[in-house]
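The file structure_29.txt contains compact mmCIF, C-alpha atoms:
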# COMPACT_ATOMS: atom_id res chain seq x y z
CA ARG A 55 161.23 88.24 -34.73
CA LYS A 56 163.49 90.84 -33.11
CA GLU A 57 166.75 91.56 -34.89
CA VAL A 58 168.75 90.93 -31.74
CA GLU A 59 167.37 88.83 -28.92
CA GLN A 60 168.63 88.21 -25.44
CA ASP A 61 167.27 86.41 -22.42
CA PRO A 62 166.42 89.35 -20.12
CA GLY A 63 167.08 87.31 -16.98
CA PRO A 64 167.66 88.17 -14.25
CA PHE A 65 170.47 85.71 -13.72
CA ASN A 66 171.12 85.38 -9.99
CA VAL A 67 174.44 83.65 -9.27
CA PRO A 68 176.72 83.30 -6.24
CA GLU A 69 180.17 84.85 -6.15
CA GLY A 70 182.71 82.65 -7.88
CA ALA A 71 180.20 81.09 -10.25
CA THR A 72 180.59 80.84 -14.01
CA VAL A 73 177.74 82.31 -16.00
CA ALA A 74 177.06 82.42 -19.72
CA PHE A 75 174.78 84.62 -21.79
CA ASN A 76 173.67 84.01 -25.33
CA CYS A 77 172.42 86.47 -27.89
CA THR A 78 170.86 85.59 -31.24
CA TYR A 79 170.70 87.81 -34.29
CA SER A 80 168.42 87.49 -37.30
CA ASN A 81 170.47 88.97 -40.14
CA SER A 82 173.07 86.55 -41.42
CA ALA A 83 174.93 89.42 -43.11
CA SER A 84 175.75 91.08 -39.79
CA GLN A 85 179.36 92.14 -39.61
CA SER A 86 180.39 93.39 -36.20
CA PHE A 87 179.47 92.25 -32.74
CA PHE A 88 179.97 93.73 -29.31
CA TRP A 89 179.11 93.25 -25.68
CA TYR A 90 178.35 96.37 -23.67
CA ARG A 91 177.84 96.61 -19.93
CA GLN A 92 175.33 98.95 -18.32
CA ASP A 93 175.18 99.59 -14.60
CA CYS A 94 171.90 100.63 -13.04
CA ARG A 95 170.89 104.12 -14.18
CA LYS A 96 174.22 104.63 -15.95
CA GLU A 97 175.32 104.80 -19.56
CA PRO A 98 176.38 101.67 -21.50
CA LYS A 99 180.10 101.06 -21.79
CA LEU A 100 181.93 98.79 -24.17
CA LEU A 101 182.94 95.54 -22.50
CA MET A 102 184.49 93.81 -25.47
CA SER A 103 184.28 93.30 -29.18
CA VAL A 104 183.54 89.81 -30.45
CA TYR A 105 185.83 88.42 -33.11
CA SER A 106 185.27 85.46 -35.38
CA SER A 107 188.02 83.49 -33.68
CA GLY A 108 186.67 84.25 -30.22
CA ASN A 109 188.46 86.44 -27.74
CA GLU A 110 189.24 86.57 -24.06
CA ASP A 111 189.82 89.44 -21.66
CA GLY A 112 190.67 88.25 -18.19
CA ARG A 113 187.62 86.49 -16.77
CA PHE A 114 185.50 87.32 -19.82
CA THR A 115 185.32 85.23 -23.00
CA ALA A 116 183.27 86.15 -26.04
CA GLN A 117 182.49 83.80 -28.91
CA LEU A 118 180.75 84.10 -32.25
CA ASN A 119 178.87 81.30 -34.00
CA ARG A 120 177.99 82.54 -37.47
CA ALA A 121 176.37 79.27 -38.58
CA SER A 122 173.83 79.45 -35.75
CA GLN A 123 173.80 83.24 -35.63
CA TYR A 124 174.56 83.77 -32.01
CA ILE A 125 177.21 85.30 -29.82
CA SER A 126 177.99 84.37 -26.27
CA LEU A 127 179.62 85.91 -23.23
CA LEU A 128 181.15 83.75 -20.52
CA ILE A 129 182.08 85.22 -17.15
CA ARG A 130 184.26 83.09 -14.90
CA ASP A 131 184.76 83.54 -11.16
CA SER A 132 181.92 86.09 -10.88
CA LYS A 133 182.48 89.12 -8.65
CA LEU A 134 179.90 91.26 -6.91
CA SER A 135 181.04 94.09 -9.17
CA ASP A 136 179.97 92.12 -12.25
CA SER A 137 176.33 92.81 -11.34
CA ALA A 138 174.98 94.83 -14.26
CA THR A 139 172.99 94.50 -17.46
CA TYR A 140 174.89 93.09 -20.42
CA LEU A 141 173.88 94.36 -23.84
CA CYS A 142 174.47 92.44 -27.04
CA VAL A 143 175.10 94.74 -30.00
CA VAL A 144 175.17 93.82 -33.68
CA SER A 145 175.90 95.88 -36.75
CA LEU A 146 174.25 95.32 -40.09
CA ILE A 147 175.95 95.95 -43.39
CA ARG A 148 173.37 98.32 -44.81
CA GLY A 149 173.55 101.75 -43.17
CA GLY A 150 176.08 100.59 -40.63
CA LYS A 151 173.75 101.12 -37.71
CA LEU A 152 174.13 99.26 -34.45
CA ILE A 153 171.22 97.21 -33.16
CA PHE A 154 171.01 96.68 -29.42
CA GLY A 155 169.47 93.75 -27.66
CA GLN A 156 167.30 94.54 -24.65
CA GLY A 157 169.97 93.33 -22.28
CA THR A 158 170.49 90.51 -19.81
CA GLU A 159 170.51 91.40 -16.14
CA LEU A 160 173.11 89.72 -13.94
CA SER A 161 173.03 89.82 -10.15
CA VAL A 162 175.98 88.32 -8.30
CA LYS A 163 175.25 87.56 -4.65
CA PRO A 164 177.70 87.03 -1.75
CA ASN B 275 188.99 114.21 -20.39
CA ALA B 276 185.21 114.80 -20.40
CA GLY B 277 184.31 112.40 -23.24
CA VAL B 278 180.64 112.89 -24.12
CA THR B 279 178.72 115.52 -22.16
CA GLN B 280 174.94 115.73 -22.19
CA THR B 281 172.68 118.37 -20.71
CA PRO B 282 170.35 118.46 -18.92
CA LYS B 283 170.51 115.35 -16.72
CA PHE B 284 166.82 115.53 -15.82
CA GLN B 285 163.85 117.32 -17.37
CA VAL B 286 160.10 117.37 -16.83
CA LEU B 287 157.94 118.76 -19.62
CA LYS B 288 154.25 119.23 -20.11
CA THR B 289 152.62 117.85 -23.24
CA GLY B 290 153.17 120.26 -26.12
CA GLN B 291 156.24 121.96 -24.70
CA SER B 292 159.49 121.99 -26.63
CA MET B 293 163.07 121.50 -25.56
CA THR B 294 166.53 120.80 -26.90
CA LEU B 295 168.91 118.21 -25.52
CA GLN B 296 172.53 119.21 -25.91
CA CYS B 297 175.46 116.89 -26.55
CA ALA B 298 179.14 117.62 -27.02
CA GLN B 299 182.18 115.36 -27.38
CA ASP B 300 185.84 116.24 -27.06
CA MET B 301 187.33 113.11 -28.63
CA ASN B 302 187.39 114.46 -32.21
CA HIS B 303 184.96 111.74 -33.25
CA ASN B 304 183.30 111.94 -36.64
CA SER B 305 180.05 110.14 -35.87
CA MET B 306 177.43 111.05 -33.29
CA TYR B 307 174.14 109.45 -32.29
CA TRP B 308 171.00 109.92 -30.27
CA TYR B 309 169.36 106.88 -28.68
CA ARG B 310 166.41 106.43 -26.41
CA GLN B 311 166.12 103.62 -23.87
CA ASP B 312 162.83 102.29 -22.60
CA PRO B 313 162.21 99.32 -20.28
CA GLY B 314 162.17 96.05 -22.21
CA MET B 315 162.98 97.78 -25.51
CA GLY B 316 166.75 98.14 -25.48
CA LEU B 317 168.37 101.21 -26.98
CA ARG B 318 166.75 102.49 -30.15
CA LEU B 319 168.43 104.86 -32.56
CA ILE B 320 166.61 108.15 -33.11
CA TYR B 321 169.01 110.02 -35.40
CA TYR B 322 172.65 109.84 -36.23
CA SER B 323 175.28 111.94 -37.92
CA ALA B 324 177.98 110.02 -39.72
CA SER B 325 180.06 113.15 -40.16
CA GLU B 326 179.87 116.90 -39.75
CA GLY B 327 177.21 118.29 -42.03
CA THR B 328 175.16 115.11 -42.40
CA THR B 329 172.26 113.66 -40.42
CA ASP B 330 170.12 110.59 -41.00
CA LYS B 331 167.05 109.04 -39.46
CA GLY B 332 167.32 106.02 -37.24
CA GLU B 333 164.62 103.59 -36.13
CA VAL B 334 162.37 106.02 -34.25
CA PRO B 335 162.81 109.58 -35.65
CA ASN B 336 159.20 110.75 -35.47
CA GLY B 337 158.70 113.71 -33.17
CA TYR B 338 162.38 114.66 -33.13
CA ASN B 339 164.77 116.86 -35.04
CA VAL B 340 168.53 117.09 -34.85
CA SER B 341 171.29 119.52 -35.65
CA ARG B 342 174.96 118.71 -36.11
CA LEU B 343 176.17 122.16 -35.17
CA ASN B 344 179.84 121.36 -35.72
CA LYS B 345 182.09 118.35 -35.28
CA ARG B 346 181.77 118.50 -31.49
CA GLU B 347 178.06 119.14 -30.99
CA PHE B 348 174.90 117.25 -31.88
CA SER B 349 171.59 118.44 -30.47
CA LEU B 350 168.19 116.75 -30.30
CA ARG B 351 165.01 118.81 -30.34
CA LEU B 352 161.50 117.86 -29.31
CA GLU B 353 159.18 120.39 -30.94
CA SER B 354 155.98 119.31 -29.19
CA ALA B 355 156.60 116.81 -26.43
CA ALA B 356 154.25 113.86 -25.96
CA PRO B 357 153.98 111.40 -23.05
CA SER B 358 155.27 108.66 -25.39
CA GLN B 359 158.59 110.51 -25.44
CA THR B 360 159.12 109.89 -21.74
CA SER B 361 162.38 107.99 -21.79
CA VAL B 362 166.09 108.06 -21.04
CA TYR B 363 168.03 109.67 -23.87
CA PHE B 364 171.66 108.91 -24.58
CA CYS B 365 174.00 110.71 -26.87
CA ALA B 366 176.98 108.77 -28.19
CA SER B 367 179.94 109.25 -30.46
CA SER B 368 182.35 107.01 -32.32
CA GLU B 369 185.56 107.56 -34.20
CA VAL B 370 184.32 106.13 -37.46
CA GLY B 371 180.94 104.61 -38.21
CA GLY B 372 179.52 102.74 -35.24
CA TRP B 373 179.78 99.50 -37.10
CA ASP B 374 183.55 99.50 -36.86
CA SER B 375 184.39 101.32 -33.69
CA PRO B 376 182.85 101.35 -30.23
CA LEU B 377 180.35 103.90 -29.05
CA HIS B 378 181.13 106.27 -26.20
CA PHE B 379 177.99 107.33 -24.38
CA GLY B 380 177.07 110.39 -22.38
CA ASN B 381 175.50 110.06 -18.93
CA GLY B 382 171.96 110.28 -20.23
CA THR B 383 169.00 112.63 -19.90
CA ARG B 384 165.95 111.41 -18.00
CA LEU B 385 162.93 113.06 -19.58
CA THR B 386 159.39 112.88 -18.25
CA VAL B 387 156.50 114.29 -20.26
CA THR B 388 153.27 114.73 -18.30

Would you mind writing the file's structure down as structure tokens?
Amino acid sequence: RKEVEQDPGPFNVPEGATVAFNCTYSNSASQSFFWYRQDCRKEPKLLMSVYSSGNEDGRFTAQLNRASQYISLLIRDSKLSDSATYLCVVSLIRGGKLIFGQGTELSVKP
Amino acid sequence: NAGVTQTPKFQVLKTGQSMTLQCAQDMNHNSMYWYRQDPGMGLRLIYYSASEGTTDKGEVPNGYNVSRLNKREFSLRLESAAPSQTSVYFCASSEVGGWDSPLHFGNGTRLTVT
């Protein structure tokens, strides 16, 4: 089983739609969680951190479910500019290294 | 504010050739990293440097060496390139360990080994 797993998609949605991605992680001792965004042929950039209480940044909401070992990202009112690959990132206690999921591709259509 | 700068952007090597990928950051970050990204594999850590003067292996260190030249610079060397090292390489830095603070990535180096 991969340490961090994501549905690779692609998710094809119309503008204005709400879309949700899930990411599961295998190590229950994982401490920190992030969502990164990567545009085609570009470097990943931090979208948001994921806190235990859940957090929101404009149209984006991230949630953590420790009991089921998954994090989620909800995008409301999708824009064309949201088209990208969304990477789930988890840190493990030992060594402090970040583990990246393979990414979920989102394509928002007019 | 340049952030993380990688060179070169593109490189084609023949099997057995060597090269060094350069990375520099101007954010006074302590930690620096080298990742490779392959289709369907996500980003995998090659080496990292938690602070100046230290380096450690990541998930896929075989075939690579690194040097943390000073706080700003972290280079990745391929001594004898192999086709399996064809990939996109990203350098990144973070203020503290990557488990507490976000990573800032360079633009990437697209390497092809024939």

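All chain B residues having an atom within 9 Å of chain A, based on all atoms listed in the file, amount to B:Pro313, B:Gly314, B:Met315, B:Gly316, B:Leu317, B:Arg318, B:Leu319, B:Tyr322, B:Gly332, B:Phe364, B:Gly371, B:Gly372, B:Trp373, B:Asp374, B:Pro376, B:Leu377, B:His378, B:Phe379, B:Gly380, B:Asn381, B:Gly382.
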
task: Take the point (168.0, 109.1, -27.1) as written in the file and pick out every residue within 9 Å of it, counting all atoms listed in the file; give the list as a PyMOL selection string.
output: chain B and resi 307-311+317-321+350+361-365+382-383

- request: Please measure the separation of atom CA of Val334 of chain B and atom CA of Ser305 of chain B, giving the value in Å to one decimal.
  value: 18.2 Å

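Take atom CA of Ala138 of chain A and atom CA of Lys163 of chain A: the distance between them is 12.1 Å.
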
message: With only C-alpha atoms as the counted atoms, please give the residues lying no more than 8 Å from Ser82 of chain A, apart from itself and same-chain residues fewer than 2 positions off, as a ChimeraX atom specification.
response: /A:79-80,84,120,123

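For Thr72 of chain A, the non-local neighbours within 8 Å, defined as residues at least 5 positions apart in the same chain or in other chains and counting only C-alpha atoms, are Leu128, Ile129, Arg130, Asp131 and Ser132 of chain A.
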
- request: Rounded to one decimal place, report the atom CA of Glu347 of chain B-atom CA of Thr294 of chain B distance in Å.
  value: 12.3 Å

task: Please identify all polymer residues within 10 Å of Pro64 of chain A, counting all atoms listed in the file, omitting same-chain residues fewer than 6 positions from it, and present them as an MDAnalysis selection string.
output: chainID A and resid 138:139 157:161

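Of the residues listed (B:Ala355, B:Val340, B:Ala366, B:Ala324), B:Ala355 shows the shortest atom-to-atom separation from Gln285 of chain B; distances use all atoms listed in the file.
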
message: as a PyMOL selection string, please: the residues near His303 of chain B (cut-off 7 Å, only C-alpha atoms, same-chain neighbours under 2 positions excluded).
response: chain B and resi 301+305+367-369

Convert the current residue selection to file output with C-alpha atoms, as a PDB file, in the frame of the given file.
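Writing done, so here's part.pdb:
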ATOM      1  CA  MET B 301     187.330 113.110 -28.630  1.00  0.00           C
ATOM      2  CA  SER B 305     180.050 110.140 -35.870  1.00  0.00           C
ATOM      3  CA  SER B 367     179.940 109.250 -30.460  1.00  0.00           C
ATOM      4  CA  SER B 368     182.350 107.010 -32.320  1.00  0.00           C
ATOM      5  CA  GLU B 369     185.560 107.560 -34.200  1.00  0.00           C
TER       6      GLU B 369
END

- prompt: Residues at most 6 Å from Ser354 of chain B, counting all atoms listed in the file, excluding those fewer than 6 positions away in the same chain, as a PyMOL selection string?
  reply: chain B and resi 290-292
